[in-house]
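Undergrad: I am sharing protein27.pdb, which consists of PDB, C-alpha atoms:
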```pdb
ATOM      1  CA  GLN A   1      -4.160  14.387  11.697
ATOM      2  CA  VAL A   2      -4.889  11.562   9.309
ATOM      3  CA  GLN A   3      -5.832   8.101  10.472
ATOM      4  CA  LEU A   4      -5.323   5.079   8.261
ATOM      5  CA  VAL A   5      -6.985   1.759   9.058
ATOM      6  CA  GLU A   6      -6.075  -1.366   7.102
ATOM      7  CA  SER A   7      -8.251  -4.439   6.791
ATOM      8  CA  GLY A   8      -8.549  -7.569   4.697
ATOM      9  CA  GLY A   9      -5.499  -9.494   5.816
ATOM     10  CA  GLY A  10      -5.604 -13.151   6.758
ATOM     11  CA  LEU A  11      -4.381 -16.654   6.018
ATOM     12  CA  VAL A  12      -4.505 -17.913   2.437
ATOM     13  CA  GLN A  13      -2.987 -20.805   0.525
ATOM     14  CA  ALA A  14      -0.343 -20.228  -2.108
ATOM     15  CA  GLY A  15      -1.965 -19.243  -5.383
ATOM     16  CA  GLY A  16      -4.888 -17.609  -3.638
ATOM     17  CA  SER A  17      -6.016 -13.995  -3.503
ATOM     18  CA  LEU A  18      -6.708 -11.316  -0.936
ATOM     19  CA  ARG A  19      -7.833  -7.713  -1.177
ATOM     20  CA  LEU A  20      -6.522  -5.269   1.368
ATOM     21  CA  SER A  21      -8.338  -2.034   2.114
ATOM     22  CA  CYS A  22      -7.097   1.124   3.774
ATOM     23  CA  ALA A  23      -9.681   3.626   4.972
ATOM     24  CA  ALA A  24      -8.454   7.155   5.579
ATOM     25  CA  SER A  25      -9.898   9.932   7.687
ATOM     26  CA  GLY A  26      -9.962  13.491   6.481
ATOM     27  CA  ARG A  27     -11.831  15.432   3.852
ATOM     28  CA  THR A  28      -8.948  15.809   1.433
ATOM     29  CA  PHE A  29      -8.186  12.176   0.667
ATOM     30  CA  SER A  30      -8.142  12.909  -3.047
ATOM     31  CA  SER A  31      -5.076  15.092  -2.489
ATOM     32  CA  TYR A  32      -3.063  12.260  -0.883
ATOM     33  CA  ALA A  33      -0.625  10.012  -2.663
ATOM     34  CA  MET A  34      -0.983   6.533  -1.185
ATOM     35  CA  GLY A  35       1.325   3.583  -0.807
ATOM     36  CA  TRP A  36       1.495   0.030   0.468
ATOM     37  CA  PHE A  37       4.553  -1.380   2.185
ATOM     38  CA  ARG A  38       5.219  -4.673   3.911
ATOM     39  CA  GLN A  39       7.521  -5.996   6.583
ATOM     40  CA  ALA A  40       8.385  -9.625   7.181
ATOM     41  CA  PRO A  41       9.895 -10.822  10.479
ATOM     42  CA  GLY A  42      13.546  -9.857  10.745
ATOM     43  CA  LYS A  43      13.446  -7.780   7.572
ATOM     44  CA  GLU A  44      13.203  -4.115   6.758
ATOM     45  CA  ARG A  45       9.972  -2.530   5.610
ATOM     46  CA  GLU A  46       9.801  -2.678   1.833
ATOM     47  CA  PHE A  47       7.809  -0.941  -0.874
ATOM     48  CA  VAL A  48       4.975  -2.866  -2.505
ATOM     49  CA  ALA A  49       2.838  -0.445  -4.518
ATOM     50  CA  ALA A  50       1.791   3.200  -4.740
ATOM     51  CA  ILE A  51      -0.725   5.371  -6.514
ATOM     52  CA  ASN A  52      -0.597   9.096  -7.193
ATOM     53  CA  ARG A  53      -3.226  11.636  -6.226
ATOM     54  CA  SER A  54      -5.203  11.423  -9.434
ATOM     55  CA  GLY A  55      -4.996   7.646  -9.621
ATOM     56  CA  GLY A  56      -3.508   7.950 -13.065
ATOM     57  CA  ASN A  57      -0.108   6.593 -12.156
ATOM     58  CA  THR A  58       0.725   3.435 -10.259
ATOM     59  CA  TYR A  59       4.030   1.990  -9.144
ATOM     60  CA  TYR A  60       4.983  -1.549  -8.157
ATOM     61  CA  ALA A  61       7.885  -3.453  -6.715
ATOM     62  CA  ASP A  62       9.326  -5.901  -9.232
ATOM     63  CA  SER A  63       8.427  -8.787  -6.927
ATOM     64  CA  VAL A  64       4.689  -8.073  -7.208
ATOM     65  CA  LYS A  65       4.306  -6.742 -10.756
ATOM     66  CA  GLY A  66       1.637  -8.608 -12.657
ATOM     67  CA  ARG A  67       0.194 -10.104  -9.454
ATOM     68  CA  PHE A  68      -0.834  -7.096  -7.326
ATOM     69  CA  ALA A  69      -2.936  -4.094  -8.270
ATOM     70  CA  ILE A  70      -3.401  -0.852  -6.341
ATOM     71  CA  SER A  71      -6.464   1.310  -6.798
ATOM     72  CA  ARG A  72      -8.298   4.088  -5.015
ATOM     73  CA  ASP A  73     -11.876   5.181  -4.477
ATOM     74  CA  ASP A  74     -11.871   8.823  -3.433
ATOM     75  CA  ALA A  75     -15.615   8.776  -2.744
ATOM     76  CA  LYS A  76     -14.956   6.179  -0.044
ATOM     77  CA  ASN A  77     -11.603   7.589   1.144
ATOM     78  CA  THR A  78     -10.152   4.153   0.526
ATOM     79  CA  VAL A  79      -7.167   2.635  -1.229
ATOM     80  CA  TYR A  80      -7.077  -1.033  -2.146
ATOM     81  CA  LEU A  81      -4.419  -3.627  -2.833
ATOM     82  CA  GLN A  82      -5.656  -6.594  -4.822
ATOM     83  CA  MET A  83      -3.215  -9.466  -4.369
ATOM     84  CA  ASN A  84      -3.406 -12.464  -6.691
ATOM     85  CA  SER A  85      -1.236 -15.545  -7.169
ATOM     86  CA  LEU A  86       0.057 -15.157  -3.657
ATOM     87  CA  LYS A  87       3.309 -16.826  -2.675
ATOM     88  CA  PRO A  88       4.688 -17.797   0.741
ATOM     89  CA  GLU A  89       7.287 -15.033   0.355
ATOM     90  CA  ASP A  90       4.447 -12.488   0.334
ATOM     91  CA  THR A  91       3.874 -13.264   4.008
ATOM     92  CA  ALA A  92       4.297 -10.042   5.992
ATOM     93  CA  VAL A  93       2.533  -7.281   7.829
ATOM     94  CA  TYR A  94       1.168  -4.905   5.202
ATOM     95  CA  TYR A  95       1.074  -1.184   5.935
ATOM     96  CA  CYS A  96      -0.839   1.581   4.248
ATOM     97  CA  ALA A  97       0.840   4.984   4.020
ATOM     98  CA  ALA A  98      -0.179   8.476   2.952
ATOM     99  CA  ASN A  99       1.710  11.472   1.611
ATOM    100  CA  THR A 100      -0.412  14.470   2.542
ATOM    101  CA  LYS A 101       2.107  17.164   1.616
ATOM    102  CA  GLY A 102       1.122  17.603  -2.003
ATOM    103  CA  GLY A 103       3.816  15.398  -3.483
ATOM    104  CA  PRO A 104       5.706  13.388  -4.328
ATOM    105  CA  PHE A 105       7.065  15.164  -7.344
ATOM    106  CA  TYR A 106       9.449  12.473  -8.586
ATOM    107  CA  SER A 107       8.443   8.950  -9.525
ATOM    108  CA  SER A 108      11.356   7.522  -7.594
ATOM    109  CA  SER A 109      10.059   9.085  -4.382
ATOM    110  CA  TYR A 110       7.097   6.735  -4.187
ATOM    111  CA  TYR A 111       9.391   3.847  -3.289
ATOM    112  CA  TYR A 112      10.748   5.309  -0.067
ATOM    113  CA  THR A 113       9.219   5.188   3.409
ATOM    114  CA  GLY A 114      10.355   8.756   4.118
ATOM    115  CA  THR A 115       8.023  10.088   1.433
ATOM    116  CA  TYR A 116       4.984   9.237   3.534
ATOM    117  CA  ASP A 117       3.947  11.139   6.643
ATOM    118  CA  TYR A 118       1.124   8.944   7.937
ATOM    119  CA  TRP A 119       0.999   5.190   8.457
ATOM    120  CA  GLY A 120      -1.593   2.640   9.417
ATOM    121  CA  GLN A 121      -1.189  -0.006  12.096
ATOM    122  CA  GLY A 122      -0.736  -2.836   9.618
ATOM    123  CA  THR A 123      -2.599  -6.013   8.721
ATOM    124  CA  GLN A 124      -1.093  -9.501   8.719
ATOM    125  CA  VAL A 125      -1.003 -11.520   5.515
ATOM    126  CA  THR A 126       0.105 -15.140   5.800
ATOM    127  CA  VAL A 127       0.480 -17.349   2.743
ATOM    128  CA  SER A 128       0.838 -21.064   3.386
ATOM    129  CA  SER A 129       2.607 -23.404   0.992
TER
END
```
Could you render the structure as C-alpha cells?
TA:
Amino acid sequence: QVQLVESGGGLVQAGGSLRLSCAASGRTFSSYAMGWFRQAPGKEREFVAAINRSGGNTYYADSVKGRFAISRDDAKNTVYLQMNSLKPEDTAVYYCAANTKGGPFYSSSYYYTGTYDYWGQGTQVTVSS
C-alpha cells in the first residue's frame, strides 16, 4: 500500500503563487512515476502535470505550460507542483497520483487517470479574481 498526502493548497489572488507538496509512503518512491490532476466542481478530473521515475522527463497540460513546474525529491519521498501566475480557472481540488507498476512506457500514458494506481485525498486551491 502507498499513501499519498497532499498539502500546500489555499486561497490566493490571481497572479499569485502556491507550491503543492505530495508526501508518499513506501521505500521505493524513486521507482514511482508521479502525476498531478485537478477537478473543478461539476467537471471531470483533468491532467495537470507528471514526472517520470528518474525525474528527467516532465509533462504538462497546455493550460499550465510555462506557469506550473513539477519536480521530485526522492530523498524526501515528495513530489512538488510549483504554481505561478495563477488564474481563477485554476481553482480546483488538486490530486497527487502515483504509478507504482514500473511504467508508464508511453509518453501519452502520463495524461490518463487510469495510468495511476494510487491517489491522494486532494487539496483545495482557490484563486480569486
Undergrad: Any chance you could work out the residue set of the PyMOL selection byres ((chain A and resi 26) around 12) here, as a list in words?
TA: Gln1, Val2, Gln3, Leu4, Ala23, Ala24, Ser25, Arg27, Thr28, Phe29, Ser30, Ser31, Tyr32, Asp74, Ala75, Lys76, Asn77, Thr78, Ala98 and Thr100 of chain A
Undergrad: Could you tell me, as a ChimeraX atom specification, exactly which residues end up selected when the PyMOL selection byres ((chain A and resi 70) around 7) is applied to this structure?
TA: /A:49-51,68-69,71,80-82
Undergrad: Any chance you could resolve the PyMOL selection byres ((chain A and resi 85) around 8) against this file and give the residues as a PyMOL selection string?
TA: chain A and resi 14-17+67+83-84+86-87
Undergrad: Taking all atoms listed in the file into account, name the residue in A:Val93, A:Val5, A:Ala33, A:Leu11 that is nearest to Phe105 of chain A.
TA: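 Closest to Phe105 of chain A, using all atoms listed in the file: A:Ala33.
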Undergrad: Might you pull out every residue within 6 Å of segment 36-48 of chain A, with only C-alpha atoms counted and same-chain residues fewer than 5 positions away left off, and present them as a ChimeraX atom specification?
TA: /A:60-61,92-96,111
Undergrad: Could you check how far atom CA of Asp117 of chain A sits from atom CA of Ala97 of chain A, in Å to one decimal?
TA: 7.4 Å
Undergrad: Between atom CA of Val79 of chain A and atom CA of Cys22 of chain A, what is the spacing in Å?
TA: 5.2 Å
Undergrad: Can you measure atom CA of Tyr118 of chain A to atom CA of Asn99 of chain A for me? One decimal in Å is fine.
TA: 6.8 Å
